[in-house]
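*Asks:* Contents of my_file_2.txt (compact mmCIF, C-alpha atoms and all ligand atoms):
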```
# COMPACT_ATOMS: atom_id res chain seq x y z
CA MET A 1 28.76 60.15 93.33
CA LYS A 2 26.80 61.21 90.27
CA LEU A 3 27.81 64.76 89.53
CA ALA A 4 26.07 67.48 87.51
CA ALA A 5 27.27 71.03 86.95
CA ILE A 6 25.32 74.26 86.60
CA LEU A 7 27.04 76.98 84.60
CA VAL A 8 25.54 80.32 85.60
CA ALA A 9 25.78 82.57 82.54
CA ALA A 10 22.67 84.76 82.71
CA GLY A 11 24.38 88.00 83.82
CA ARG A 12 24.25 91.19 81.76
CA GLY A 13 27.72 92.52 82.70
CA THR A 14 29.40 94.58 80.00
CA ARG A 15 32.13 96.20 82.13
CA ALA A 16 34.66 94.64 79.77
CA GLY A 17 33.30 96.95 77.04
CA GLY A 18 31.35 95.97 73.95
CA THR A 19 27.63 95.42 73.78
CA LEU A 20 27.41 91.68 74.49
CA PRO A 21 27.50 90.45 78.09
CA LYS A 22 31.04 89.36 78.93
CA GLN A 23 30.34 85.60 78.85
CA TRP A 24 29.59 85.86 75.12
CA GLN A 25 32.66 87.94 74.28
CA ALA A 26 35.69 86.49 72.50
CA LEU A 27 38.61 85.22 74.54
CA ALA A 28 41.68 83.45 73.15
CA GLY A 29 39.90 82.34 69.98
CA ARG A 30 36.63 81.19 71.61
CA ARG A 31 34.03 82.81 73.84
CA VAL A 32 34.28 83.13 77.62
CA PHE A 33 31.23 80.83 77.95
CA ASP A 34 32.79 78.16 75.71
CA TRP A 35 35.95 77.96 77.84
CA SER A 36 33.96 77.71 81.10
CA TYR A 37 31.60 75.11 79.63
CA GLN A 38 34.44 73.06 78.20
CA ALA A 39 36.33 73.03 81.52
CA LEU A 40 33.30 71.47 83.24
CA ALA A 41 32.10 69.20 80.44
CA SER A 42 35.53 67.69 79.77
CA HIS A 43 36.16 66.73 83.41
CA PRO A 44 35.73 62.97 83.87
CA ALA A 45 33.81 63.35 87.16
CA VAL A 46 31.17 65.65 85.62
CA ASP A 47 28.29 63.73 83.97
CA THR A 48 26.14 66.63 82.74
CA VAL A 49 26.42 70.40 82.43
CA ILE A 50 23.36 72.65 82.37
CA ALA A 51 23.88 76.25 81.30
CA VAL A 52 21.61 78.94 82.71
CA VAL A 53 21.31 81.83 80.26
CA HIS A 54 19.37 85.05 79.93
CA PRO A 55 16.30 84.85 77.65
CA ASP A 56 17.93 87.43 75.31
CA ASP A 57 20.95 85.15 74.89
CA ALA A 58 19.16 81.90 74.04
CA SER A 59 20.48 82.09 70.46
CA GLN A 60 24.09 82.23 71.74
CA VAL A 61 23.92 78.72 73.19
CA PRO A 62 25.86 76.27 71.01
CA ASP A 63 24.10 73.20 69.58
CA GLY A 64 24.21 70.23 71.90
CA VAL A 65 24.44 72.32 75.07
CA GLU A 66 21.54 71.85 77.52
CA ALA A 67 20.37 75.27 78.66
CA VAL A 68 17.58 76.70 80.78
CA LEU A 69 16.52 80.33 81.10
CA GLY A 70 17.68 82.26 84.15
CA GLY A 71 15.83 84.59 86.45
CA ALA A 72 16.24 88.22 87.48
CA THR A 73 18.89 87.48 90.11
CA ARG A 74 21.82 85.09 90.34
CA ALA A 75 19.98 83.09 93.01
CA ALA A 76 16.91 82.78 90.77
CA SER A 77 19.15 81.54 87.94
CA VAL A 78 20.77 78.91 90.17
CA LYS A 79 17.30 77.80 91.25
CA ALA A 80 16.28 77.37 87.60
CA GLY A 81 19.33 75.13 87.11
CA LEU A 82 18.54 73.11 90.23
CA VAL A 83 14.94 72.61 89.11
CA ALA A 84 16.22 71.27 85.77
CA LEU A 85 18.23 68.62 87.68
CA GLU A 86 15.25 67.35 89.72
CA GLY A 87 14.41 63.68 89.34
CA ARG A 88 17.53 62.84 87.32
CA SER A 89 19.42 60.73 89.89
CA PHE A 90 22.33 63.13 90.39
CA THR A 91 23.73 63.11 93.91
CA HIS A 92 25.92 66.21 93.76
CA VAL A 93 26.19 69.47 91.85
CA LEU A 94 28.91 71.98 91.02
CA ILE A 95 27.72 75.57 90.59
CA HIS A 96 30.13 77.66 88.53
CA ASP A 97 30.31 81.29 87.38
CA GLY A 98 30.23 81.53 83.59
CA ALA A 99 32.89 84.26 83.74
CA ARG A 100 35.52 82.02 85.37
CA ALA A 101 36.84 80.78 82.06
CA CYS A 102 40.26 79.57 83.26
CA LEU A 103 38.93 76.80 85.51
CA SER A 104 41.47 73.97 85.79
CA THR A 105 41.00 70.24 86.23
CA GLU A 106 42.88 70.46 89.54
CA ILE A 107 40.31 72.80 91.11
CA ILE A 108 37.42 70.53 90.10
CA ASP A 109 39.41 67.58 91.52
CA ALA A 110 39.83 69.44 94.82
CA VAL A 111 36.11 70.31 95.09
CA VAL A 112 35.11 66.73 94.28
CA ALA A 113 37.55 65.46 96.94
CA GLY A 114 36.02 67.89 99.46
CA LEU A 115 32.56 66.48 98.72
CA GLN A 116 33.73 63.03 99.87
CA THR A 117 33.79 64.30 103.45
CA HIS A 118 31.47 67.33 103.44
CA ASP A 119 28.00 68.31 102.23
CA ALA A 120 29.62 71.26 100.49
CA ALA A 121 33.10 72.24 99.29
CA ALA A 122 34.34 75.39 97.61
CA PRO A 123 37.69 76.70 96.36
CA ALA A 124 39.22 79.78 97.93
CA LEU A 125 42.53 81.55 98.37
CA PRO A 126 43.87 82.91 101.65
CA VAL A 127 44.13 86.70 101.61
CA SER A 128 47.83 87.55 101.39
CA ASP A 129 47.76 91.34 101.01
CA ALA A 130 47.53 93.55 104.08
CA LEU A 131 44.00 94.79 104.65
CA TRP A 132 43.13 98.38 105.50
CA LEU A 133 40.03 100.16 106.56
CA GLY A 134 39.65 103.31 104.49
CA GLU A 135 37.81 106.53 105.15
CA ALA A 136 37.59 109.42 102.69
CA GLY A 137 40.58 108.11 100.74
CA GLU A 138 42.82 107.71 103.81
CA VAL A 139 43.84 104.69 105.83
CA ALA A 140 41.76 104.71 108.98
CA GLY A 141 42.91 101.39 110.40
CA THR A 142 44.13 97.91 109.60
CA GLN A 143 42.33 94.62 109.56
CA SER A 144 43.77 91.23 110.40
CA ARG A 145 43.84 88.96 107.36
CA GLU A 146 43.98 85.85 109.52
CA ASN A 147 41.35 83.30 108.45
CA LEU A 148 40.17 85.48 105.59
CA TYR A 149 39.68 83.89 102.15
CA ARG A 150 38.76 85.02 98.67
CA ALA A 151 35.93 82.81 97.40
CA GLN A 152 35.94 81.21 93.95
CA THR A 153 33.77 78.76 92.04
CA PRO A 154 32.85 75.99 91.24
CA GLN A 155 31.17 75.48 94.57
CA GLY A 156 30.13 71.86 95.11
CA PHE A 157 27.13 70.56 97.07
CA ASP A 158 25.03 67.57 97.98
CA LEU A 159 22.29 68.14 95.41
CA VAL A 160 19.25 67.40 97.57
CA LYS A 161 20.53 69.57 100.40
CA ILE A 162 21.46 72.62 98.30
CA ALA A 163 18.17 72.38 96.37
CA ALA A 164 16.25 72.44 99.67
CA ALA A 165 18.42 75.28 100.98
CA HIS A 166 17.75 77.38 97.85
CA LYS A 167 13.99 76.74 98.11
CA ASN A 168 14.05 78.22 101.62
CA ALA A 169 16.47 81.07 100.84
CA ASP A 170 15.31 84.64 100.35
CA ASN A 171 17.50 85.51 97.31
CA THR A 172 19.72 87.91 99.29
CA ALA A 173 22.66 85.54 99.84
CA ALA A 174 25.98 86.56 98.26
CA ASP A 175 26.61 83.13 96.78
CA ASP A 176 25.62 79.47 97.05
CA VAL A 177 27.98 78.89 99.98
CA ALA A 178 26.07 81.53 101.92
CA VAL A 179 22.80 79.74 101.04
CA ALA A 180 24.30 76.43 102.18
CA ARG A 181 25.57 77.82 105.45
CA ALA A 182 22.21 79.46 106.20
CA ALA A 183 20.75 75.95 105.91
CA GLY A 184 23.35 74.57 108.34
CA LEU A 185 25.61 72.75 105.82
CA ALA A 186 29.32 72.45 106.62
CA VAL A 187 31.39 73.87 103.75
CA ALA A 188 34.95 72.60 103.26
CA ILE A 189 37.47 75.13 101.96
CA VAL A 190 39.61 73.59 99.20
CA GLU A 191 42.54 75.11 97.37
CA GLY A 192 41.66 77.62 94.66
CA HIS A 193 44.10 79.19 92.23
CA GLU A 194 45.06 82.74 91.24
CA ASP A 195 44.43 81.80 87.60
CA ASN A 196 40.78 80.96 88.33
CA LEU A 197 39.83 84.60 87.94
CA LYS A 198 36.44 86.06 87.17
CA VAL A 199 36.84 87.77 83.80
CA THR A 200 35.31 91.23 84.16
CA THR A 201 37.51 94.11 82.94
CA PRO A 202 39.57 94.44 79.73
CA ASP A 203 42.69 93.75 81.86
CA ASP A 204 41.09 90.49 83.06
CA PHE A 205 40.51 89.47 79.44
CA ALA A 206 44.18 90.02 78.59
CA ARG A 207 45.29 88.04 81.66
CA ALA A 208 42.79 85.22 81.02
CA GLU A 209 43.99 84.99 77.43
CA ARG A 210 47.60 84.48 78.61
CA ILE A 211 46.48 81.86 81.15
CA LEU A 212 44.40 79.90 78.63
CA ARG A 213 47.23 79.92 76.11
CA ALA A 214 49.63 78.61 78.74
CA GLN A 215 47.09 75.94 79.87
CA SER A 216 46.63 74.72 76.32
CA GLY A 217 50.37 74.78 75.66
CA VAL A 218 50.09 77.55 73.08
CA GLN A 219 52.52 80.21 74.22
CA MET A 220 52.01 82.57 71.33
CA ASP A 221 49.39 83.45 68.79
CA ILE A 222 51.26 83.26 65.47
CA ARG A 223 49.41 84.28 62.34
CA LEU A 224 50.26 84.22 58.66
CA GLY A 225 48.55 86.21 55.96
CA ASN A 226 48.99 86.28 52.24
CA GLY A 227 48.29 88.97 49.69
CA PHE A 228 48.14 88.97 45.90
CA ASP A 229 47.64 91.93 43.60
CA VAL A 230 47.82 92.79 39.91
CA HIS A 231 47.87 96.12 38.12
CA ALA A 232 47.85 96.62 34.34
CA PHE A 233 50.29 98.84 32.48
CA THR A 234 49.15 102.08 30.92
CA THR A 235 51.01 104.89 29.21
CA GLY A 236 53.54 106.72 31.34
CA ASN A 237 57.21 106.93 32.26
CA ALA A 238 57.48 105.42 35.77
CA VAL A 239 55.92 102.88 38.11
CA ILE A 240 55.67 103.07 41.90
CA LEU A 241 56.68 99.79 43.57
CA CYS A 242 56.96 99.33 47.34
CA GLY A 243 56.98 103.09 47.77
CA VAL A 244 59.81 103.75 45.26
CA THR A 245 59.38 105.50 41.91
CA VAL A 246 61.09 103.38 39.25
CA PRO A 247 61.59 104.92 35.80
CA HIS A 248 59.99 102.82 33.07
CA THR A 249 58.48 103.09 29.61
CA LYS A 250 55.00 102.57 31.06
CA ALA A 251 53.02 103.37 34.22
CA LEU A 252 50.62 101.21 36.27
CA LEU A 253 46.89 101.78 36.10
CA GLY A 254 44.89 101.93 39.30
CA HIS A 255 42.48 103.85 41.46
CA SER A 256 45.26 104.80 43.90
CA ASP A 257 48.96 105.11 42.98
CA ALA A 258 48.76 101.46 41.80
CA ASP A 259 51.67 100.33 44.01
CA VAL A 260 51.08 96.65 43.44
CA GLY A 261 53.81 95.50 45.88
CA MET A 262 52.60 97.64 48.75
CA HIS A 263 49.04 96.50 48.12
CA ALA A 264 50.02 92.83 48.33
CA VAL A 265 51.88 93.44 51.61
CA THR A 266 48.93 95.40 53.02
CA ASP A 267 46.50 92.63 52.08
CA ALA A 268 48.80 90.06 53.70
CA ILE A 269 48.57 91.95 57.00
CA TYR A 270 44.79 92.34 56.73
CA GLY A 271 44.64 88.64 55.87
CA ALA A 272 46.55 87.62 59.00
CA LEU A 273 44.06 89.66 61.04
CA ALA A 274 41.09 88.14 59.16
CA GLU A 275 40.20 91.72 58.23
CA GLY A 276 39.46 91.32 54.52
CA ASP A 277 41.52 93.43 52.15
CA ILE A 278 42.28 97.02 51.19
CA GLY A 279 38.95 97.32 49.37
CA ARG A 280 37.05 96.68 52.61
CA HIS A 281 38.82 99.47 54.48
CA PHE A 282 39.31 101.90 51.59
CA PRO A 283 36.44 101.29 49.11
CA PRO A 284 37.41 102.18 45.52
CA SER A 285 33.91 103.69 45.20
CA ASP A 286 35.07 106.40 47.63
CA ALA A 287 36.55 109.28 45.59
CA GLN A 288 38.86 110.41 48.42
CA TRP A 289 41.23 107.45 47.75
CA LYS A 290 41.63 108.34 44.06
CA GLY A 291 45.35 108.69 43.36
CA ALA A 292 46.08 108.11 47.05
CA ALA A 293 49.62 107.21 48.12
CA SER A 294 49.41 103.58 49.17
CA ASP A 295 51.32 104.16 52.41
CA ILE A 296 47.96 105.28 53.87
CA PHE A 297 46.68 101.72 53.40
CA LEU A 298 49.84 100.06 54.69
CA LYS A 299 50.01 102.28 57.77
CA HIS A 300 46.36 101.54 58.53
CA ALA A 301 46.97 97.76 58.37
CA CYS A 302 50.06 98.11 60.63
CA GLU A 303 48.09 100.19 63.15
CA LEU A 304 45.26 97.65 63.16
CA ALA A 305 47.78 94.88 63.92
CA LEU A 306 49.23 96.93 66.78
CA GLU A 307 45.75 97.71 68.14
CA ARG A 308 44.97 93.99 68.24
CA GLY A 309 48.19 93.33 70.18
CA TYR A 310 50.17 91.82 67.28
CA THR A 311 53.76 92.53 66.31
CA ILE A 312 54.54 92.16 62.63
CA THR A 313 57.70 90.05 62.66
CA ASN A 314 58.44 89.86 58.95
CA ILE A 315 57.08 90.37 55.49
CA ASP A 316 58.17 88.78 52.23
CA CYS A 317 57.11 90.33 48.94
CA THR A 318 57.74 88.99 45.43
CA LEU A 319 57.20 91.27 42.42
CA ILE A 320 56.47 89.40 39.19
CA CYS A 321 57.42 91.22 35.97
CA GLU A 322 59.82 91.15 33.01
CA GLN A 323 60.46 94.89 33.17
CA PRO A 324 61.44 97.11 34.89
CA LYS A 325 64.36 95.31 36.54
CA ILE A 326 63.75 95.36 40.31
CA GLY A 327 67.24 94.37 41.57
CA PRO A 328 68.80 97.85 41.41
CA HIS A 329 65.86 99.30 43.41
CA ALA A 330 65.25 96.51 45.94
CA ALA A 331 67.35 98.08 48.70
CA ALA A 332 65.54 101.41 48.34
CA MET A 333 62.18 99.57 48.48
CA GLN A 334 63.23 97.70 51.60
CA SER A 335 64.28 100.93 53.26
CA GLU A 336 61.07 102.76 52.29
CA MET A 337 58.86 99.88 53.50
CA SER A 338 60.91 99.81 56.72
CA ARG A 339 60.21 103.52 57.29
CA ILE A 340 56.47 103.23 56.61
CA MET A 341 55.99 100.09 58.70
CA ALA A 342 58.41 101.07 61.51
CA LEU A 343 59.90 97.61 61.06
CA ALA A 344 63.62 96.77 60.89
CA PRO A 345 64.88 96.34 57.29
CA ASP A 346 66.16 92.82 58.01
CA ARG A 347 62.53 91.78 58.56
CA ILE A 348 61.46 93.04 55.14
CA SER A 349 62.20 91.01 52.05
CA ILE A 350 61.60 92.48 48.59
CA LYS A 351 62.51 90.26 45.68
CA ALA A 352 61.44 89.76 42.09
CA THR A 353 61.00 87.12 39.47
CA THR A 354 59.98 87.01 35.84
CA SER A 355 57.38 84.54 34.59
CA GLU A 356 59.66 83.34 31.80
CA ARG A 357 57.75 85.46 29.26
CA LEU A 358 54.61 83.41 29.98
CA GLY A 359 51.18 84.82 30.79
CA PHE A 360 50.15 88.46 31.22
CA THR A 361 53.28 89.37 33.16
CA GLY A 362 55.40 87.63 30.50
CA ARG A 363 53.68 89.64 27.75
CA GLU A 364 54.39 92.80 29.83
CA GLU A 365 50.71 93.68 30.19
CA GLY A 366 51.08 94.37 33.89
CA ILE A 367 52.83 93.55 37.15
CA ALA A 368 51.73 91.03 39.79
CA ALA A 369 52.86 90.87 43.41
CA LEU A 370 52.66 88.21 46.07
CA ALA A 371 53.28 88.81 49.78
CA THR A 372 53.32 86.98 53.11
CA ALA A 373 53.19 88.58 56.55
CA THR A 374 53.83 87.00 59.94
CA LEU A 375 52.12 88.49 63.00
CA VAL A 376 52.85 87.40 66.56
CA LYS A 377 51.03 88.08 69.80
CA PRO A 378 53.04 87.03 72.84
MG MG B 401 45.95 96.99 44.05
```
Kindly return the structure encoded in the file as structure tokens.
*Replies:*
Amino acid sequence: MKLAAILVAAGRGTRAGGTLPKQWQALAGRRVFDWSYQALASHPAVDTVIAVVHPDDASQVPDGVEAVLGGATRAASVKAGLVALEGRSFTHVLIHDGARACLSTEIIDAVVAGLQTHDAAAPALPVSDALWLGEAGEVAGTQSRENLYRAQTPQGFDLVKIAAAHKNADNTAADDVAVARAAGLAVAIVEGHEDNLKVTTPDDFARAERILRAQSGVQMDIRLGNGFDVHAFTTGNAVILCGVTVPHTKALLGHSDADVGMHAVTDAIYGALAEGDIGRHFPPSDAQWKGAASDIFLKHACELALERGYTITNIDCTLICEQPKIGPHAAAMQSEMSRIMALAPDRISIKATTSERLGFTGREEGIAALATATLVKP
């Protein structure tokens, strides 16, 4: 058997939200397409993978991936892939939906095994839920689920036979199995898997992400971010550090309240999210942030983490200065940061060091702060 695969990725579906068709959207650190392609290309039985993409998406195709342009319908796209395989000595072909990103080695194994005895083989799952007939929102009857299956891909075929069947088909068939059966091919049903879902809705994306993480042995997405900030001293009688006003012989100079510790923590969270820094979200050129209390920035970073599905599990902040002494205020800072971040105090570390009278902090020209944040997505 010499096996090729056609990855059908020419659809325009954006039901998952966003403006890009779903196969080009991000999923578990890569794109839906990349996962589907990788599943096929890395299987030892698959010699070649041809992607079929929409003309508008040609630039999305990674280097080194063979791609042809699809047609107006799924059947036309499959045909374009089959034409690209003509005269290349392949004996069999797998045809796979680009949106089934969680394809496992086992399913490909099962389809390949089915092709040893049949002209066609396709994965499916027996229907296990009760089936109803509905009318105007009410149950109007029940339907036996005996011998009913939910079809999946990749669907495997004798290449010459499916190419001939597609040439004679009228483009109305639901899938390639329907085309094969119309041409008289026997199609073996092999075992599919619940995880081999077609990624369509935002819920599907969340589920597929969990499946892919489990498949690759990564149970959690753990991220670290760091932040560093400096503010110079100016005249005044207090500094604000980690939300606490500390009496001093000087103040800190800055566009906002110059809370150097809170800024470092905020940048650490943005950093973990690969979301730049405070300046990106709150441009200093924008007058409305002049003198702003820095908890606005910190709350925004925390909300962004939550929106992206991350839990902040701890932060560690080091203030670097000779004066004022931080120790007596550290507990108040921890408690204030805990309130702003809605994070337990034992997950918030505020500590301080001097720089042994060296450098700008040693000369008491300003205060520096360094912070680390850990974010976890289960
Ligand atoms: Mg700052």
*Asks:* Within 6 Å of ligand MG 401 (chain B), which residues show up when you count all atoms listed in the file? List them as JSON, numbers by chain, please.
*Replies:* {"A": [229, 258, 260, 263]}
*Asks:* Which residue is closest to Gly225 (chain A)? Choose from A:Ser285, A:Ser335, A:Ser144, A:Thr372 and count all atoms listed in the file.
*Replies:*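 Among the listed residues, the smallest separation from Gly225 (chain A) belongs to A:Thr372.
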*Asks:* Determine, counting only C-alpha atoms, which protein, DNA and RNA residues have an atom within 8 Å of an atom of Ile312 (chain A); residues of the same chain fewer than 5 positions away are not included. Present the result as a list in words.
*Replies:*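 The filter keeps Cys302, Ala305, Leu343, Ala373, Thr374, Leu375 and Val376 of chain A.
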*Asks:* Do you have the CA of Asp316 (chain A)-CA of Lys290 (chain A) distance handy?
*Replies:*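 Interatomic distance here is 26.9 Å.
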*Asks:* Interatomic distance between CA of Asp34 (chain A) and CA of Ser216 (chain A)?
*Replies:*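 One can read the CA of Asp34 (chain A) to CA of Ser216 (chain A) distance as 14.3 Å.
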*Asks:* Nearest residue to Asn171 (chain A) out of A:Cys321, A:Val78, A:Ala5, A:Ala331, using only C-alpha atoms?
*Replies:*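 Going through A:Cys321, A:Val78, A:Ala5, A:Ala331 one by one, the smallest distance to Asn171 (chain A) is for A:Val78.
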*Asks:* Give as a PyMOL selection string the set of residues within 10 Å of the point (19.6, 78.7, 86.7), where distances use the file's coordinates and all atoms listed in the file.
*Replies:* chain A and resi 6-10+50-54+67-71+73-84+95
*Asks:* Neighbouring residues of region 156-170 of chain A were defined as those with any atom within 7 Å, considering only C-alpha atoms; residues of the same chain fewer than 3 positions away were excluded. Please report them as a list in words.
*Replies:*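 Surrounding residues, per the criterion: Lys79, Leu82, Thr91, His92, Val93, Leu94, Ile95, Val111, Leu115, Asp119, Ala120, Ala121, Ala122, Val179, Ala180 and Ala183 of chain A.
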*Asks:* Which polymer residues, whether protein, DNA or RNA, lie within 7 Å of the coordinate (62.9, 106.5, 32.0) when you count all atoms listed in the file? List them as a PDB file with C-alpha atoms, in the frame of the given file, using the chain letters and numbers from the file.
*Replies:*
```pdb
ATOM      1  CA  ASN A 237      57.210 106.930  32.260  1.00  0.00           C
ATOM      2  CA  ALA A 238      57.480 105.420  35.770  1.00  0.00           C
ATOM      3  CA  PRO A 247      61.590 104.920  35.800  1.00  0.00           C
ATOM      4  CA  HIS A 248      59.990 102.820  33.070  1.00  0.00           C
ATOM      5  CA  THR A 249      58.480 103.090  29.610  1.00  0.00           C
TER       6      THR A 249
END
```
*Asks:* To one decimal place, how far is CA of Arg30 (chain A) from CA of Ile315 (chain A) in Å?
*Replies:*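 CA of Ile315 (chain A) lies at a distance of 27.6 Å from CA of Arg30 (chain A).
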*Asks:* Neighbours of Leu370 (chain A) within 7 Å (all atoms listed in the file; same-chain residues fewer than 6 positions away dropped), as a PyMOL selection string?
*Replies:* chain A and resi 227-229+264+317-319
*Asks:* Would you export the selected residues with C-alpha atoms as a JSON list (two decimals), in the coordinates of the input, please?
*Replies:*
```json
[["chain", "number", "residue", "atom", "x", "y", "z"],
["A", 227, "GLY", "CA", 48.29, 88.97, 49.69],
["A", 228, "PHE", "CA", 48.14, 88.97, 45.90],
["A", 229, "ASP", "CA", 47.64, 91.93, 43.60],
["A", 264, "ALA", "CA", 50.02, 92.83, 48.33],
["A", 317, "CYS", "CA", 57.11, 90.33, 48.94],
["A", 318, "THR", "CA", 57.74, 88.99, 45.43],
["A", 319, "LEU", "CA", 57.20, 91.27, 42.42]]
```
*Asks:* Taking all atoms listed in the file into account, which of A:Leu253, A:Ile348, A:Ala124, A:Leu27 comes nearest Glu194 (chain A)?
*Replies:*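 Looking only at the distances to Glu194 (chain A), the closest residue turns out to be A:Ala124.
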*Asks:* Between A:Gln155, A:Phe90, A:Phe233, A:Glu365, which has the minimum distance to Asp47 (chain A) (counting only C-alpha atoms)?
*Replies:* A:Phe90
*Asks:* Which is closest to Val239 (chain A) among A:Arg280, A:Arg100, A:Lys325, A:Lys198, if we use all atoms listed in the file?
*Replies:*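 Under the stated criterion, the closest residue is A:Lys325.
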